[in-house]
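Trainee: So here's my_file_21.txt (compact mmCIF, C-alpha atoms and all ligand atoms).
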# COMPACT_ATOMS: atom_id res chain seq x y z
CA MET A 1 11.55 -14.65 -7.70
CA GLY A 2 13.76 -14.62 -10.78
CA CYS A 3 15.12 -11.06 -10.49
CA ASP A 4 16.62 -8.58 -8.02
CA PRO A 5 14.06 -7.15 -5.62
CA VAL A 6 12.72 -3.69 -6.37
CA GLU A 7 14.10 -1.01 -4.01
CA THR A 8 11.06 1.21 -3.60
CA VAL A 9 12.18 3.41 -0.68
CA ARG A 10 15.61 3.61 0.95
CA TRP A 11 17.79 6.03 2.87
CA ALA A 12 20.72 7.15 0.71
CA SER A 13 23.30 9.42 2.33
CA GLY A 14 21.21 12.36 3.45
CA ALA A 15 18.24 11.74 1.16
CA VAL A 16 15.13 9.60 0.93
CA ARG A 17 15.65 7.71 -2.34
CA ILE A 18 12.50 6.53 -4.03
CA LEU A 19 11.85 4.68 -7.24
CA ASP A 20 9.79 7.27 -9.13
CA GLN A 21 6.61 5.37 -9.97
CA ARG A 22 5.30 8.21 -12.14
CA ALA A 23 7.83 7.19 -14.79
CA LEU A 24 6.84 3.49 -14.87
CA PRO A 25 6.53 1.41 -16.95
CA GLY A 26 8.46 3.58 -19.42
CA SER A 27 11.64 4.03 -17.41
CA VAL A 28 13.19 3.19 -14.05
CA GLU A 29 14.23 6.44 -12.41
CA TYR A 30 15.22 7.20 -8.86
CA LEU A 31 14.42 10.43 -7.08
CA ASP A 32 16.49 11.67 -4.13
CA CYS A 33 14.35 13.82 -1.83
CA ARG A 34 16.70 16.05 0.18
CA THR A 35 14.06 18.17 1.92
CA VAL A 36 10.81 17.30 3.64
CA GLY A 37 8.99 19.53 1.13
CA GLU A 38 10.39 17.50 -1.76
CA LEU A 39 9.35 14.26 -0.10
CA ALA A 40 5.85 15.56 0.69
CA HIS A 41 5.46 16.53 -2.96
CA ALA A 42 6.68 13.09 -4.06
CA ILE A 43 4.11 11.37 -1.83
CA ARG A 44 1.26 13.68 -2.91
CA THR A 45 2.03 13.19 -6.61
CA LEU A 46 2.39 9.40 -6.22
CA ALA A 47 6.08 9.15 -7.07
CA VAL A 48 5.93 6.81 -4.07
CA ARG A 49 2.57 5.23 -3.23
CA GLY A 50 0.99 2.20 -1.63
CA ALA A 51 0.13 2.18 2.08
CA PRO A 52 3.22 0.50 3.57
CA ALA A 53 5.61 2.31 1.19
CA ILE A 54 4.33 5.76 2.11
CA GLY A 55 4.58 4.82 5.79
CA ILE A 56 8.24 3.89 5.28
CA ALA A 57 8.90 7.01 3.21
CA ALA A 58 7.34 9.21 5.91
CA ALA A 59 9.40 7.48 8.62
CA TYR A 60 12.57 8.31 6.68
CA GLY A 61 11.09 11.77 6.14
CA ALA A 62 11.09 12.30 9.91
CA ALA A 63 14.83 11.56 9.93
CA LEU A 64 15.24 13.98 7.02
CA ALA A 65 13.34 16.60 9.03
CA ALA A 66 15.84 16.18 11.87
CA LEU A 67 18.78 16.35 9.48
CA THR A 68 17.57 19.57 7.88
CA ALA A 69 16.00 21.38 10.89
CA SER A 70 17.92 24.34 12.29
CA PRO A 71 19.70 23.44 15.52
CA GLY A 72 18.83 25.33 18.69
CA PRO A 73 15.64 25.90 20.67
CA GLY A 74 13.37 25.57 17.61
CA PHE A 75 14.79 22.19 16.61
CA THR A 76 12.03 19.93 18.00
CA GLY A 77 9.31 22.22 16.65
CA GLY A 78 10.98 22.20 13.24
CA VAL A 79 11.05 18.40 13.14
CA GLU A 80 7.43 18.24 14.27
CA ALA A 81 6.42 20.71 11.55
CA GLY A 82 8.12 18.48 8.98
CA MET A 83 6.20 15.47 10.25
CA ASP A 84 2.93 17.45 10.16
CA LEU A 85 3.61 18.33 6.53
CA LEU A 86 4.17 14.66 5.68
CA GLU A 87 1.11 13.53 7.59
CA ALA A 88 -1.11 15.90 5.62
CA THR A 89 -0.08 14.45 2.25
CA ARG A 90 -2.46 11.49 2.06
CA PRO A 91 -5.25 10.86 4.57
CA THR A 92 -6.49 7.32 3.91
CA ALA A 93 -3.51 4.96 4.26
CA VAL A 94 -3.11 4.61 8.01
CA ASN A 95 0.47 3.31 7.67
CA LEU A 96 1.54 6.91 7.07
CA SER A 97 0.12 8.33 10.28
CA ARG A 98 1.13 5.28 12.30
CA ALA A 99 4.75 5.51 11.14
CA LEU A 100 4.77 9.18 12.16
CA THR A 101 3.15 8.41 15.52
CA SER A 102 6.03 6.04 16.13
CA GLN A 103 8.56 8.70 15.06
CA ARG A 104 6.95 11.32 17.32
CA ALA A 105 7.51 8.98 20.28
CA VAL A 106 11.18 8.67 19.29
CA LEU A 107 11.47 12.46 19.00
CA ARG A 108 9.97 13.02 22.44
CA ASP A 109 11.94 10.27 24.20
CA PRO A 110 14.41 12.10 26.50
CA GLY A 111 16.77 9.15 26.09
CA ASN A 112 17.34 10.19 22.47
CA SER A 113 18.33 13.76 23.19
CA GLY A 114 21.50 14.78 21.37
CA MET A 115 21.08 11.95 18.84
CA ILE A 116 17.60 12.55 17.47
CA PHE A 117 18.55 12.09 13.83
CA GLU A 118 20.27 8.77 14.50
CA ALA A 119 17.32 7.52 16.58
CA LEU A 120 14.75 8.53 13.95
CA LEU A 121 16.80 6.92 11.18
CA ALA A 122 17.19 3.71 13.20
CA ASN A 123 13.42 3.60 13.83
CA ALA A 124 12.72 4.14 10.12
CA GLU A 125 15.09 1.28 9.28
CA SER A 126 13.25 -0.95 11.74
CA ILE A 127 9.86 -0.02 10.20
CA LEU A 128 11.28 -1.00 6.80
CA ALA A 129 12.71 -4.26 8.18
CA ALA A 130 9.38 -5.14 9.84
CA ASP A 131 7.58 -4.54 6.56
CA LEU A 132 10.03 -6.77 4.67
CA GLU A 133 9.47 -9.60 7.11
CA ALA A 134 5.68 -9.07 7.15
CA SER A 135 5.64 -9.29 3.37
CA ARG A 136 7.51 -12.61 3.40
CA LEU A 137 5.12 -14.09 5.97
CA MET A 138 1.96 -12.78 4.27
CA GLY A 139 3.12 -14.41 1.04
CA ARG A 140 3.48 -17.74 2.80
CA HIS A 141 0.17 -17.55 4.64
CA GLY A 142 -1.68 -16.44 1.53
CA ALA A 143 -0.19 -19.22 -0.61
CA SER A 144 -1.42 -21.77 1.92
CA LEU A 145 -4.95 -20.94 0.67
CA LEU A 146 -4.14 -22.05 -2.88
CA HIS A 147 -4.14 -25.28 -4.82
CA PRO A 148 -2.02 -26.07 -7.90
CA GLY A 149 -3.35 -24.36 -11.01
CA SER A 150 -4.72 -21.33 -9.15
CA ARG A 151 -5.98 -18.43 -11.25
CA LEU A 152 -5.80 -15.16 -9.30
CA LEU A 153 -6.95 -11.61 -9.88
CA THR A 154 -5.77 -8.42 -8.18
CA HIS A 155 -6.57 -4.71 -8.27
CA CYS A 156 -4.30 -1.66 -8.12
CA ASN A 157 -0.70 -2.36 -7.10
CA ALA A 158 -0.11 -4.17 -3.83
CA GLY A 159 3.36 -5.39 -4.75
CA ALA A 160 7.00 -4.54 -4.12
CA LEU A 161 6.33 -1.02 -5.40
CA ALA A 162 3.79 -0.51 -2.62
CA THR A 163 5.84 -1.88 0.29
CA GLY A 164 9.35 -2.46 1.60
CA GLY A 165 9.30 -6.14 0.60
CA LEU A 166 7.57 -8.09 -2.15
CA GLY A 167 4.17 -6.65 -1.37
CA THR A 168 0.95 -7.69 0.30
CA ALA A 169 -1.45 -9.22 -2.26
CA LEU A 170 1.38 -9.66 -4.79
CA ALA A 171 3.56 -11.37 -2.17
CA VAL A 172 0.96 -14.15 -2.41
CA PHE A 173 1.32 -14.21 -6.22
CA TYR A 174 5.15 -14.38 -5.97
CA GLU A 175 5.03 -17.16 -3.38
CA ALA A 176 2.42 -19.08 -5.37
CA TRP A 177 4.57 -18.77 -8.50
CA ASP A 178 7.67 -20.02 -6.67
CA ARG A 179 5.71 -23.00 -5.34
CA GLY A 180 4.27 -23.82 -8.77
CA LEU A 181 0.71 -23.04 -7.69
CA LEU A 182 -0.02 -20.06 -9.95
CA ALA A 183 -1.54 -20.80 -13.35
CA SER A 184 -2.82 -17.30 -14.28
CA ALA A 185 -2.42 -13.79 -12.92
CA PHE A 186 -4.96 -11.12 -13.83
CA ALA A 187 -4.43 -7.42 -13.06
CA ASP A 188 -7.21 -4.84 -13.26
CA GLU A 189 -5.82 -1.76 -15.02
CA THR A 190 -7.14 0.42 -12.15
CA ARG A 191 -8.58 3.65 -13.48
CA PRO A 192 -7.87 6.51 -13.36
CA LEU A 193 -4.13 6.28 -12.63
CA LEU A 194 -3.52 2.76 -13.91
CA GLN A 195 -1.55 1.34 -11.01
CA GLY A 196 -2.58 -2.12 -12.22
CA SER A 197 -1.41 -1.88 -15.81
CA ARG A 198 1.54 0.46 -15.21
CA LEU A 199 2.88 -1.03 -11.97
CA THR A 200 1.47 -4.49 -11.20
CA ALA A 201 1.95 -5.71 -14.76
CA TRP A 202 5.48 -4.21 -14.81
CA GLU A 203 6.42 -5.94 -11.58
CA LEU A 204 5.01 -9.33 -12.50
CA ALA A 205 6.47 -9.25 -16.02
CA ARG A 206 9.86 -8.26 -14.58
CA ALA A 207 9.69 -11.33 -12.32
CA GLY A 208 8.87 -13.55 -15.30
CA ILE A 209 5.25 -14.12 -14.24
CA PRO A 210 2.81 -13.98 -17.19
CA VAL A 211 0.06 -11.46 -16.48
CA THR A 212 -3.16 -10.50 -18.22
CA VAL A 213 -4.29 -6.87 -17.84
CA LEU A 214 -7.99 -6.08 -18.12
CA PRO A 215 -10.15 -2.97 -17.94
CA ASP A 216 -11.73 -2.68 -14.49
CA SER A 217 -15.14 -2.95 -16.11
CA ALA A 218 -14.26 -6.42 -17.46
CA ALA A 219 -13.58 -7.90 -14.03
CA ALA A 220 -17.17 -8.84 -13.12
CA GLY A 221 -17.63 -10.69 -16.38
CA LEU A 222 -14.31 -12.46 -16.02
CA LEU A 223 -15.22 -13.63 -12.51
CA ALA A 224 -18.66 -14.77 -13.68
CA SER A 225 -17.06 -16.76 -16.52
CA GLY A 226 -15.28 -19.07 -14.09
CA ALA A 227 -11.78 -18.02 -15.20
CA VAL A 228 -10.66 -16.91 -11.71
CA ASP A 229 -10.38 -18.93 -8.49
CA ALA A 230 -9.72 -16.14 -5.97
CA VAL A 231 -9.28 -12.38 -5.70
CA PHE A 232 -6.48 -10.89 -3.57
CA THR A 233 -6.13 -7.16 -2.91
CA GLY A 234 -4.18 -5.00 -0.50
CA ALA A 235 -5.60 -2.45 1.94
CA ASP A 236 -4.96 1.14 2.92
CA ARG A 237 -6.79 0.99 6.23
CA ILE A 238 -8.68 -1.74 8.05
CA ALA A 239 -11.25 -0.68 10.63
CA CYS A 240 -11.96 -2.55 13.87
CA ASN A 241 -14.95 -4.37 12.36
CA GLY A 242 -12.96 -5.59 9.32
CA ASP A 243 -14.23 -3.01 6.80
CA VAL A 244 -11.40 -2.29 4.35
CA ALA A 245 -10.47 0.88 2.49
CA ASN A 246 -8.50 0.13 -0.66
CA LYS A 247 -8.07 1.56 -4.15
CA LEU A 248 -11.25 2.75 -5.87
CA GLY A 249 -12.85 -0.21 -7.61
CA THR A 250 -12.12 -2.74 -4.88
CA TYR A 251 -15.69 -2.66 -3.54
CA PRO A 252 -17.35 -3.49 -6.89
CA LEU A 253 -14.78 -6.24 -7.35
CA ALA A 254 -15.72 -7.75 -3.98
CA LEU A 255 -19.41 -7.54 -4.92
CA ALA A 256 -18.71 -9.29 -8.21
CA ALA A 257 -16.68 -11.97 -6.43
CA ARG A 258 -19.54 -12.59 -4.00
CA GLU A 259 -22.00 -12.85 -6.90
CA ALA A 260 -19.71 -15.33 -8.70
CA GLY A 261 -19.08 -17.39 -5.54
CA ILE A 262 -15.35 -16.63 -5.58
CA PRO A 263 -13.43 -15.91 -2.36
CA PHE A 264 -12.26 -12.32 -1.91
CA TYR A 265 -9.16 -11.99 0.29
CA VAL A 266 -7.45 -8.90 1.65
CA VAL A 267 -3.72 -9.05 2.42
CA ALA A 268 -2.31 -6.48 4.84
CA PRO A 269 0.29 -6.14 7.59
CA LEU A 270 -0.66 -5.21 11.16
CA SER A 271 0.49 -1.65 10.42
CA THR A 272 -2.57 -1.24 8.16
CA PHE A 273 -5.06 -1.96 10.96
CA ASP A 274 -6.46 1.12 12.65
CA PRO A 275 -7.50 0.51 16.25
CA TRP A 276 -9.06 4.00 16.46
CA THR A 277 -11.48 3.63 13.55
CA PRO A 278 -14.55 1.55 14.39
CA ASP A 279 -15.88 0.91 10.88
CA GLY A 280 -15.67 1.76 7.20
CA PRO A 281 -17.82 4.91 7.21
CA ALA A 282 -15.37 6.45 9.72
CA ILE A 283 -12.38 6.02 7.35
CA PRO A 284 -11.30 9.34 5.75
CA ILE A 285 -11.33 8.96 1.97
CA GLU A 286 -8.90 11.01 -0.07
CA GLN A 287 -10.52 13.00 -2.90
CA ARG A 288 -8.13 13.64 -5.76
CA ASP A 289 -7.95 16.20 -8.51
CA GLY A 290 -10.62 15.89 -11.18
CA GLY A 291 -7.98 16.23 -13.89
CA GLU A 292 -6.99 12.61 -13.18
CA VAL A 293 -10.37 11.62 -14.64
CA THR A 294 -10.91 14.22 -17.35
CA SER A 295 -7.62 13.69 -19.15
CA MET A 296 -5.20 10.91 -19.91
CA GLY A 297 -1.58 11.20 -20.99
CA GLY A 298 -2.04 14.94 -21.38
CA CYS A 299 -5.13 14.55 -23.63
CA ARG A 300 -8.54 15.74 -22.48
CA THR A 301 -11.10 12.91 -22.30
CA ALA A 302 -14.08 14.90 -20.97
CA PRO A 303 -15.42 18.33 -21.86
CA ALA A 304 -13.93 21.33 -20.10
CA GLY A 305 -15.85 22.44 -17.02
CA VAL A 306 -17.49 19.08 -16.29
CA SER A 307 -17.65 18.27 -12.58
CA VAL A 308 -15.84 15.16 -11.38
CA TYR A 309 -16.20 12.67 -8.51
CA ASN A 310 -12.75 11.18 -7.93
CA PRO A 311 -12.28 9.41 -4.60
CA ALA A 312 -8.94 7.59 -4.49
CA PHE A 313 -10.38 4.74 -2.42
CA ASP A 314 -13.58 2.93 -1.59
CA VAL A 315 -14.63 0.83 1.38
CA THR A 316 -15.39 -2.86 1.11
CA PRO A 317 -17.75 -4.00 3.89
CA HIS A 318 -16.39 -6.89 5.94
CA GLU A 319 -19.32 -9.14 4.96
CA LEU A 320 -17.80 -9.46 1.47
CA ILE A 321 -14.36 -10.57 2.71
CA ALA A 322 -13.54 -14.27 3.08
CA GLY A 323 -10.29 -13.71 4.99
CA ILE A 324 -7.65 -11.12 5.86
CA VAL A 325 -4.11 -12.43 5.41
CA THR A 326 -1.63 -10.87 7.86
CA GLU A 327 1.93 -11.69 8.92
CA ARG A 328 0.34 -13.37 11.96
CA GLY A 329 -1.85 -15.69 9.91
CA ILE A 330 -5.26 -15.53 8.28
CA LEU A 331 -8.13 -13.77 10.04
CA ARG A 332 -11.59 -15.18 9.44
CA PRO A 333 -15.02 -13.75 10.25
CA PRO A 334 -16.17 -12.55 12.69
CA PHE A 335 -13.42 -10.01 12.04
CA ASP A 336 -14.15 -7.74 15.00
CA ALA A 337 -13.13 -10.48 17.44
CA ALA A 338 -10.18 -11.63 15.30
CA ILE A 339 -8.88 -8.05 14.98
CA ALA A 340 -9.31 -7.31 18.69
CA ALA A 341 -7.11 -10.34 19.44
CA LEU A 342 -4.22 -9.11 17.26
CA PRO A 343 -0.98 -8.09 18.96
CA GLN A 344 -0.01 -4.43 18.90
CA SER A 345 2.06 -3.60 15.81
CA PRO A 346 4.99 -1.17 15.83
CA GLY A 347 3.71 2.38 15.65
CA ARG A 348 0.43 1.65 17.35
O1 LIG B 1 -3.28 5.60 -4.42
P1 LIG B 1 -2.32 4.47 -4.19
O2 LIG B 1 -1.64 3.99 -5.42
O3 LIG B 1 -1.36 4.78 -3.07
O4 LIG B 1 -3.26 3.28 -3.67
C1 LIG B 1 -2.65 2.07 -3.30
C2 LIG B 1 -3.61 1.02 -2.95
O5 LIG B 1 -4.81 1.22 -2.87
C3 LIG B 1 -3.04 -0.32 -2.60
O6 LIG B 1 -3.91 -1.35 -2.97
C4 LIG B 1 -2.87 -0.37 -1.08
O7 LIG B 1 -2.06 0.70 -0.65
C5 LIG B 1 -2.30 -1.63 -0.61
S1 LIG B 1 -0.60 -1.69 -1.00
C6 LIG B 1 0.21 -2.89 -0.30
As a first step, turn the structure in this file into structure tokens.
Mentor:
Amino acid sequence: MGCDPVETVRWASGAVRILDQRALPGSVEYLDCRTVGELAHAIRTLAVRGAPAIGIAAAYGAALAALTASPGPGFTGGVEAGMDLLEATRPTAVNLSRALTSQRAVLRDPGNSGMIFEALLANAESILAADLEASRLMGRHGASLLHPGSRLLTHCNAGALATGGLGTALAVFYEAWDRGLLASAFADETRPLLQGSRLTAWELARAGIPVTVLPDSAAAGLLASGAVDAVFTGADRIACNGDVANKLGTYPLALAAREAGIPFYVVAPLSTFDPWTPDGPAIPIEQRDGGEVTSMGGCRTAPAGVSVYNPAFDVTPHELIAGIVTERGILRPPFDAAIAALPQSPGR
């Protein structure tokens, strides 16, 4: 990669520092969240987003809760309330609740008494470090699927801005570029909030990787034209049978890839697998404000009073997925057996 890595979420002397993704691609601004309420607002409003990144942010948020809770008999309850607030911000990405499950165990461990803040901060740092390493390994495993001259398409942003490392799906793009395997990178713009054109294109361009942005509705035609060799996306939650929740528009992309005979791969760390959710229909799907659909850049694009259907994610059935790239290697169908054989990830 020909540039400094993006620092999406870090601990910075008493604050959770996040790169404010609402300002991209126009400007690079950092936001220091000094209270759990500020961090919860930042997660809800997508200043920080992407499944692994919000898990890391919430893990640091638990440390922030300990730093800001009143000492005394109500301390543990205060920290737990902070974690509850964070957990309620976004329901679909399981990395968030898994990071907080891990932090709750740290909070309750009698061995940490008297040094709760330090223990929570250390655990958050280890969740970040694990994500960095997972990203590196997913990039390598994913690139092993490619041949020189590969033309790849992705959806939403599954890059450095969505994780603690170089990303999930985009880690494959970065690795392929470094190995000289990547001929073209296509990024769906990703309506309604444009994570593809605002964030993925920004990241790839910053790294010197030429990228072509397209409207989501152009993807099926592009795949059918033979201009793409494989599709790689991230995931927000993977159920036990291999069904995958990811950004709205992923399911139609997988259908189009199947129709065009192009492999559709999902790239995700173990922290995105949910051992308590049997299948896609059981995954909670976040519904977002209708204003995200009825206006753009402050301008109304639909008549006032119109009703809106705005799920943030959809579910891609496992039958449409050729492989799931993890830090432990590439899972192939039947996914239920492959997933059951995975080791436990931190936070499980
Ligand atoms: O609503 P967002 O921007 O948080 O949605 C993000 C996605 O759907 C990503 O594709 C997913 O989190 C994988 S990121 C490595």
Trainee: What residues have any atom no more than 9 Å from ligand LIG 1 (chain B) when counting only C-alpha atoms and all ligand atoms, and can you list them as JSON, numbers by chain?
Mentor: {"A": [43, 46, 48, 49, 50, 51, 52, 53, 54, 90, 93, 154, 155, 156, 157, 158, 159, 160, 161, 162, 163, 167, 168, 169, 170, 193, 194, 195, 233, 234, 235, 236, 237, 245, 246, 247, 248, 250, 267, 268, 269, 272, 286, 312, 313]}
Trainee: Can you tell me how far CA of Thr190 (chain A) sits from CA of Asp216 (chain A), in Å to one decimal?
Mentor: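 Atom-to-atom, CA of Thr190 (chain A) to CA of Asp216 (chain A), that is 6.0 Å.
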Trainee: Nearest to Ala219 (chain A) among A:Tyr30, A:Phe273, A:Phe186, A:Tyr309, with distances taken over only C-alpha atoms: which residue is it?
Mentor: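 That would be A:Phe186, the residue with the smallest distance to Ala219 (chain A).
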Trainee: As a compact mmCIF listing (two decimals) with C-alpha atoms, in the coordinates of the input, please: the residues near Val293 (chain A) (cut-off 12 Å, all atoms listed in the file, same-chain neighbours under 3 positions excluded).
Mentor:
# COMPACT_ATOMS: atom_id res chain seq x y z
CA THR A 190 -7.14 0.42 -12.15
CA ARG A 191 -8.58 3.65 -13.48
CA PRO A 192 -7.87 6.51 -13.36
CA LEU A 193 -4.13 6.28 -12.63
CA LEU A 194 -3.52 2.76 -13.91
CA GLN A 287 -10.52 13.00 -2.90
CA ARG A 288 -8.13 13.64 -5.76
CA ASP A 289 -7.95 16.20 -8.51
CA GLY A 290 -10.62 15.89 -11.18
CA MET A 296 -5.20 10.91 -19.91
CA GLY A 297 -1.58 11.20 -20.99
CA GLY A 298 -2.04 14.94 -21.38
CA CYS A 299 -5.13 14.55 -23.63
CA ARG A 300 -8.54 15.74 -22.48
CA THR A 301 -11.10 12.91 -22.30
CA ALA A 302 -14.08 14.90 -20.97
CA PRO A 303 -15.42 18.33 -21.86
CA ALA A 304 -13.93 21.33 -20.10
CA VAL A 306 -17.49 19.08 -16.29
CA SER A 307 -17.65 18.27 -12.58
CA VAL A 308 -15.84 15.16 -11.38
CA TYR A 309 -16.20 12.67 -8.51
CA ASN A 310 -12.75 11.18 -7.93
CA PRO A 311 -12.28 9.41 -4.60
CA ALA A 312 -8.94 7.59 -4.49
Trainee: Compare A:Met138, A:Ala143, A:Leu24, A:Leu166 by their minimum atom-to-atom distance to Val6 (chain A), counting all atoms listed in the file, and give me the closest one.
Mentor: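 Using all atoms listed in the file, the shortest distance to Val6 (chain A) belongs to A:Leu166.
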Trainee: For a quick check of understanding, using only C-alpha atoms, which of A:Gly305, A:Pro91, A:Gly180, A:Pro5 has the smallest distance to His147 (chain A)?
Mentor: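 Of the candidates, the smallest distance to His147 (chain A) is held by A:Gly180.
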Trainee: Applying 9 Å and all atoms listed in the file, which residues near Ile324 (chain A) remain after dropping the ones on its own chain fewer than 2 positions away? List them as a VMD selection string.
Mentor: chain A and resid 242 265 to 268 321 to 322 326 329 to 333 335
Trainee: May I have the protein, DNA and RNA residues with any atom at most 9 Å from the point (6.3, -3.4, 8.8), counting all atoms listed in the file, written as a count of residues only?
Mentor: 21
Trainee: So which residues touch Ala257 (chain A) within 12 Å, counting all atoms listed in the file, skipping near sequence neighbours fewer than 2 positions away, as JSON, numbers by chain?
Mentor: {"A": [152, 153, 154, 219, 220, 221, 222, 223, 224, 225, 226, 227, 228, 229, 230, 231, 232, 250, 251, 252, 253, 254, 255, 259, 260, 261, 262, 263, 264, 265, 316, 320, 321, 322]}
Trainee: Nearest residue to Thr8 (chain A) out of A:Gly165, A:Gly291, A:Gly114, A:Pro275, using only C-alpha atoms?
Mentor: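 Result for the nearest residue to Thr8 (chain A): A:Gly165.
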Trainee: I'd like the interatomic distance between CA of Leu182 (chain A) and CA of Leu204 (chain A), to a tenth of an Å.
Mentor: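 CA of Leu204 (chain A) lies at a distance of 12.1 Å from CA of Leu182 (chain A).
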Trainee: Determine the nearest neighbour of Thr89 (chain A) from the options A:Pro110, A:Gly77, A:Gly37, A:Pro215, counting all atoms listed in the file.
Mentor: A:Gly37
Trainee: Nearest to Asp274 (chain A): which of A:Leu67, A:Ser295, A:Leu96, A:Val9 is it, counting all atoms listed in the file?
Mentor: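 Closest residue, counting all atoms listed in the file: A:Leu96.
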Trainee: So how many Å separate CA of Val36 (chain A) and CA of Arg108 (chain A), to one decimal?
Mentor: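 Between these atoms lies a distance of 19.3 Å.
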Trainee: List the neighbours of Tyr60 (chain A) out to 12 Å using all atoms listed in the file; skip same-chain residues closer than 5 positions along the sequence, and give me the result as a PyMOL selection string.
Mentor: chain A and resi 9-18+32-36+39-40+53-55+65-67+82-83+86+96+99-100+102-103+117-128
Trainee: Write out as JSON an axis-aligned box for region 202-211 of chain A: all of its atoms listed in the file, 5 Å added on each side, centre and edge lengths in Å with one decimal.
Mentor:
{"center_x": 5.0, "center_y": -9.2, "center_z": -14.4, "size_x": 19.8, "size_y": 19.9, "size_z": 15.6}
